[in-house]
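Quick notes on the structure that follows.
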Amino acid sequence: MPRSTKFDRDKAIEIVMHKIWKDGFQSSSVKAISELLRITRSSFYNAFGDRETLFKEVFAHYSATTPLMNLMLVEQGETVKPVFTKTLRELCAIRANDSLHSGCLAMNGVAEIGGSDSELACFLQQQLALSNARAEELIRWALEGGELAADTNVEGLALAVTNLFVGLNIMSNVIKDEGQLWLAAKTTLQGLNLFAE
């Protein structure tokens with residue numbers, strides 16, 4: 001009797017997310033994922049299309065659960081510096097308290113896939129560009145709200161913020177102490193004039 005293709009899709013995405021997060025995309029083959037979910041390969045393709053499409057769905061699920069979502073919820077007119085500070089503070093706590101010290105799934109993906117010519121590399125580049133564009137928008141709002149000096153280089157500051165997020169996520173793979181991670185983030189935010197007490 002064939003195995004049932006019925007399963008809890010949300011739970012499956014969560015399981016696959018942790019698999020890719022721990023082992024990487026390349027090691028998460030269709031065979032490995034199918035076995036993990038206890039479905040046939042044909043059921044995998046029926047449910048998810050292909051591995052790249054599944055990764056995008058996993059990425060969306062993961063992104064919705066990270067502290068970076070704080071930045072997406074800000075509306076024009078709100079004070080921006082406290083949001084950057086809160087977001088980085090939460091990120092340091094999450095990375096330090098991750099018992100597996102897996103880092104950031106998105107940044108792990110960028111490190112593993114980002115330099116290739118693949119469709120997923122383009123997808124990750126687009127996601128990083130969107131994240132940077134959001135940082136630039138928030139910085140522009142902070143400038144308009146008088147939180148930043150009139151001569152602020154908005155593009156440069158946004159790139160520096162993106163660099164901080166990328167660097168902190170990568171660094172957390174080897175530096176596991178929350179105090180050290182926060183010291184790095186706080187010092188950088190202060191240097192960028194984006195820190196709020």
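Chain labels follow the order of the structure tokens: the first chain is A, the next B, and so on; residue numbering restarts at 1 in every chain, and ligands are counted from 1 in their shown order.
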
**Message:** Give me the residues near stretch 137-141 of chain A as a PyMOL selection string, where near means some atom within 10 Å (using only C-alpha atoms) and where sequence neighbours in that chain fewer than 6 positions away do not count.
**Reply:** chain A and resi 71-72+74-81+83-84+131+147-148+152-155+157-158+161+194

**Request:** Name the residues in contact with stretch 52-59 of chain A at a cut-off of 10 Å, using only C-alpha atoms, excluding same-chain residues fewer than 5 positions from it; report them as a list in words.
**Result:**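 Counting only the stated atoms, we get Asp10, Ala12, Ile13, Glu14, Ile15, Val16, Met17, His18, Ile20, Trp21, Phe25, Ser28, Phe44, Tyr45, Ala47, Ala64, Leu105, Ala106, Gly109, Ser118, Glu119, Leu120, Phe123, Leu124 and Gln127 of chain A.
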
**Asked** Looking at A:Gly191, A:Gly145, A:Gly103, A:Gly115, which one is nearest to A:Met171, with distances taken over only C-alpha atoms?
**Response**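 The closest residue to A:Met171 is A:Gly103.
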
**Message:** Would you pick out the contacts of A:Glu178 at 8 Å or less, using only C-alpha atoms, so that residues sharing its chain but fewer than 4 positions from it are not included, and give the list as number ranges by chain?
**Reply:** A: 92-93, 95-97, 182

Write the selection just made, keeping C-alpha atoms, as a PDB file, in the first residue's frame?
ATOM      1  CA  CYS A  92      22.042  39.054  19.623  1.00  0.00           C
ATOM      2  CA  ALA A  93      19.941  37.290  22.255  1.00  0.00           C
ATOM      3  CA  ARG A  95      21.808  33.961  18.193  1.00  0.00           C
ATOM      4  CA  ALA A  96      23.542  33.545  21.576  1.00  0.00           C
ATOM      5  CA  ASN A  97      20.758  31.403  23.020  1.00  0.00           C
ATOM      6  CA  TRP A 182      25.708  42.961  21.699  1.00  0.00           C
TER       7      TRP A 182
END

**Request:** Excluding A:Ala121 and any residue of its chain fewer than 4 positions from it, enumerate the residues within 10 Å of it, using only C-alpha atoms, and give them as number ranges by chain.
**Result:** A: 109-117, 125-127

Can those selected residues be exported to a file as a PDB file, in the first residue's frame so that it contains C-alpha atoms?
ATOM      1  CA  GLY A 109      22.276  30.444   2.356  1.00  0.00           C
ATOM      2  CA  VAL A 110      24.055  33.524   1.042  1.00  0.00           C
ATOM      3  CA  ALA A 111      27.406  32.072   2.143  1.00  0.00           C
ATOM      4  CA  GLU A 112      26.650  28.664   0.621  1.00  0.00           C
ATOM      5  CA  ILE A 113      24.831  29.607  -2.582  1.00  0.00           C
ATOM      6  CA  GLY A 114      25.294  33.357  -3.075  1.00  0.00           C
ATOM      7  CA  GLY A 115      28.376  33.250  -5.294  1.00  0.00           C
ATOM      8  CA  SER A 116      26.936  30.843  -7.847  1.00  0.00           C
ATOM      9  CA  ASP A 117      25.007  31.536 -11.039  1.00  0.00           C
ATOM     10  CA  GLN A 125      20.643  38.616  -3.923  1.00  0.00           C
ATOM     11  CA  GLN A 126      17.169  40.062  -4.496  1.00  0.00           C
ATOM     12  CA  GLN A 127      16.191  39.410  -0.875  1.00  0.00           C
TER      13      GLN A 127
END

**Request:** Run DSSP on the backbone of this structure and report the residues of stretch 83-147 of chain A it assigns to alpha helix (DSSP H), as a VMD selection string.
**Result:** chain A and resid 83 to 96 105 to 113 119 to 144

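The two atoms in question, atom CA of A:Asn169 and atom CA of A:Leu91, are spaced 8.3 Å apart.
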
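Near A:Ala185, within 10 Å and counting only C-alpha atoms, sit Thr85, Leu88, Arg89, Leu91, Cys92, Leu164, Phe165, Gly167, Leu168, Gly179, Gln180, Leu181, Trp182, Thr188, Leu189, Gln190, Gly191 and Phe195 of chain A; same-chain residues fewer than 3 positions away were not included.
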
Emit the selected residues as a CSV table (one decimal), in the first residue's frame, including all heavy atoms.
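Listed below is the output, part.csv:
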chain,number,residue,atom,x,y,z
A,85,THR,N,17.8,49.6,17.4
A,85,THR,CA,18.4,49.1,18.6
A,85,THR,C,17.8,47.9,19.1
A,85,THR,O,18.4,46.9,19.5
A,85,THR,CB,18.4,50.3,19.7
A,85,THR,OG1,19.0,51.4,19.1
A,85,THR,CG2,19.1,49.8,20.9
A,88,LEU,N,18.5,44.7,16.9
A,88,LEU,CA,19.8,44.2,17.0
A,88,LEU,C,20.0,43.5,18.4
A,88,LEU,O,20.6,42.5,18.5
A,88,LEU,CB,20.9,45.3,16.8
A,88,LEU,CG,21.5,45.4,15.4
A,88,LEU,CD1,22.2,44.2,15.0
A,88,LEU,CD2,20.5,45.9,14.4
A,89,ARG,N,19.3,44.1,19.4
A,89,ARG,CA,19.4,43.5,20.8
A,89,ARG,C,18.8,42.1,20.8
A,89,ARG,O,19.3,41.2,21.3
A,89,ARG,CB,18.7,44.4,21.8
A,89,ARG,CG,18.9,44.1,23.2
A,89,ARG,CD,20.3,44.5,23.6
A,89,ARG,NE,20.6,44.1,25.0
A,89,ARG,CZ,21.3,43.0,25.3
A,89,ARG,NH1,21.8,42.2,24.4
A,89,ARG,NH2,21.6,42.7,26.6
A,91,LEU,N,18.3,40.2,18.1
A,91,LEU,CA,19.0,39.3,17.3
A,91,LEU,C,20.2,38.7,18.1
A,91,LEU,O,20.5,37.5,18.0
A,91,LEU,CB,19.5,40.1,16.1
A,91,LEU,CG,20.3,39.3,15.0
A,91,LEU,CD1,19.4,38.2,14.4
A,91,LEU,CD2,20.8,40.2,13.9
A,92,CYS,N,20.9,39.5,18.8
A,92,CYS,CA,22.0,39.1,19.6
A,92,CYS,C,21.6,38.0,20.6
A,92,CYS,O,22.2,37.0,20.8
A,92,CYS,CB,22.7,40.2,20.4
A,92,CYS,SG,23.6,41.4,19.3
A,164,LEU,N,26.1,45.4,8.9
A,164,LEU,CA,26.0,45.0,10.4
A,164,LEU,C,25.2,43.7,10.6
A,164,LEU,O,25.6,42.8,11.3
A,164,LEU,CB,25.5,46.2,11.2
A,164,LEU,CG,25.2,45.9,12.6
A,164,LEU,CD1,26.4,45.4,13.4
A,164,LEU,CD2,24.6,47.1,13.3
A,165,PHE,N,24.0,43.7,9.9
A,165,PHE,CA,23.2,42.5,10.1
A,165,PHE,C,23.9,41.3,9.5
A,165,PHE,O,23.9,40.2,10.2
A,165,PHE,CB,21.8,42.7,9.4
A,165,PHE,CG,20.9,43.6,10.2
A,165,PHE,CD1,20.4,44.8,9.7
A,165,PHE,CD2,20.4,43.1,11.4
A,165,PHE,CE1,19.6,45.6,10.5
A,165,PHE,CE2,19.5,43.9,12.2
A,165,PHE,CZ,19.1,45.1,11.7
A,167,GLY,N,27.1,40.7,9.0
A,167,GLY,CA,28.3,40.4,9.8
A,167,GLY,C,28.0,39.8,11.1
A,167,GLY,O,28.6,38.8,11.5
A,168,LEU,N,27.0,40.3,11.8
A,168,LEU,CA,26.6,39.8,13.1
A,168,LEU,C,26.1,38.4,13.0
A,168,LEU,O,26.4,37.5,13.8
A,168,LEU,CB,25.5,40.7,13.7
A,168,LEU,CG,25.2,40.5,15.2
A,168,LEU,CD1,26.4,40.8,16.1
A,168,LEU,CD2,24.0,41.3,15.6
A,179,GLY,N,26.8,38.9,25.3
A,179,GLY,CA,27.5,40.2,25.7
A,179,GLY,C,28.4,40.7,24.6
A,179,GLY,O,28.4,41.9,24.3
A,180,GLN,N,29.2,39.8,24.1
A,180,GLN,CA,30.1,40.1,23.0
A,180,GLN,C,29.4,40.5,21.7
A,180,GLN,O,29.8,41.5,21.1
A,180,GLN,CB,31.1,39.0,22.7
A,180,GLN,CG,32.2,38.8,23.8
A,180,GLN,CD,33.2,37.8,23.4
A,180,GLN,OE1,32.9,36.7,23.0
A,180,GLN,NE2,34.5,38.1,23.6
A,181,LEU,N,28.4,39.7,21.4
A,181,LEU,CA,27.6,40.1,20.2
A,181,LEU,C,27.0,41.4,20.3
A,181,LEU,O,27.0,42.3,19.4
A,181,LEU,CB,26.6,39.0,19.9
A,181,LEU,CG,27.1,37.6,19.5
A,181,LEU,CD1,25.9,36.6,19.4
A,181,LEU,CD2,27.8,37.7,18.2
A,182,TRP,N,26.4,41.7,21.5
A,182,TRP,CA,25.7,43.0,21.7
A,182,TRP,C,26.7,44.1,21.7
A,182,TRP,O,26.4,45.2,21.2
A,182,TRP,CB,24.9,42.9,23.0
A,182,TRP,CG,24.2,44.2,23.3
A,182,TRP,CD1,24.3,44.9,24.5
A,182,TRP,CD2,23.4,45.1,22.4
A,182,TRP,NE1,23.6,46.1,24.4
A,182,TRP,CE2,23.1,46.2,23.2
A,182,TRP,CE3,23.0,44.9,21.1
A,182,TRP,CZ2,22.3,47.3,22.6
A,182,TRP,CZ3,22.2,46.0,20.6
A,182,TRP,CH2,21.9,47.1,21.3
A,188,THR,N,28.7,49.4,16.9
A,188,THR,CA,28.5,49.8,15.5
A,188,THR,C,27.3,50.8,15.4
A,188,THR,O,27.4,51.8,14.7
A,188,THR,CB,28.3,48.5,14.7
A,188,THR,OG1,29.4,47.7,14.8
A,188,THR,CG2,28.2,48.9,13.2
A,189,LEU,N,26.2,50.5,16.1
A,189,LEU,CA,25.1,51.4,16.0
A,189,LEU,C,25.5,52.8,16.5
A,189,LEU,O,25.0,53.8,16.0
A,189,LEU,CB,23.9,50.8,16.9
A,189,LEU,CG,23.1,49.7,16.3
A,189,LEU,CD1,22.2,49.1,17.3
A,189,LEU,CD2,22.4,50.1,15.0
A,190,GLN,N,26.2,52.8,17.6
A,190,GLN,CA,26.7,54.1,18.1
A,190,GLN,C,27.5,54.9,17.1
A,190,GLN,O,27.4,56.1,16.9
A,190,GLN,CB,27.5,53.9,19.4
A,190,GLN,CG,26.6,53.5,20.6
A,190,GLN,CD,27.4,53.1,21.8
A,190,GLN,OE1,28.5,52.6,21.7
A,190,GLN,NE2,26.8,53.4,23.0
A,191,GLY,N,28.4,54.1,16.4
A,191,GLY,CA,29.3,54.7,15.4
A,191,GLY,C,28.5,55.2,14.2
A,191,GLY,O,28.9,56.2,13.6
A,195,PHE,N,22.0,54.4,17.5
A,195,PHE,CA,21.7,53.7,18.7
A,195,PHE,C,20.8,54.6,19.5
A,195,PHE,O,20.9,55.8,19.6
A,195,PHE,CB,23.0,53.5,19.5
A,195,PHE,CG,22.8,52.9,20.9
A,195,PHE,CD1,22.4,51.6,21.0
A,195,PHE,CD2,22.9,53.7,22.0
A,195,PHE,CE1,22.2,51.0,22.3
A,195,PHE,CE2,22.7,53.1,23.3
A,195,PHE,CZ,22.4,51.8,23.4

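For the atom pair formed by atom CA of A:Leu192 and atom CA of A:Cys122, the distance is 29.1 Å, given to one decimal.
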
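Atom pair atom CA of A:Asn108 / atom CA of A:Lys22: separated by 9.5 Å.
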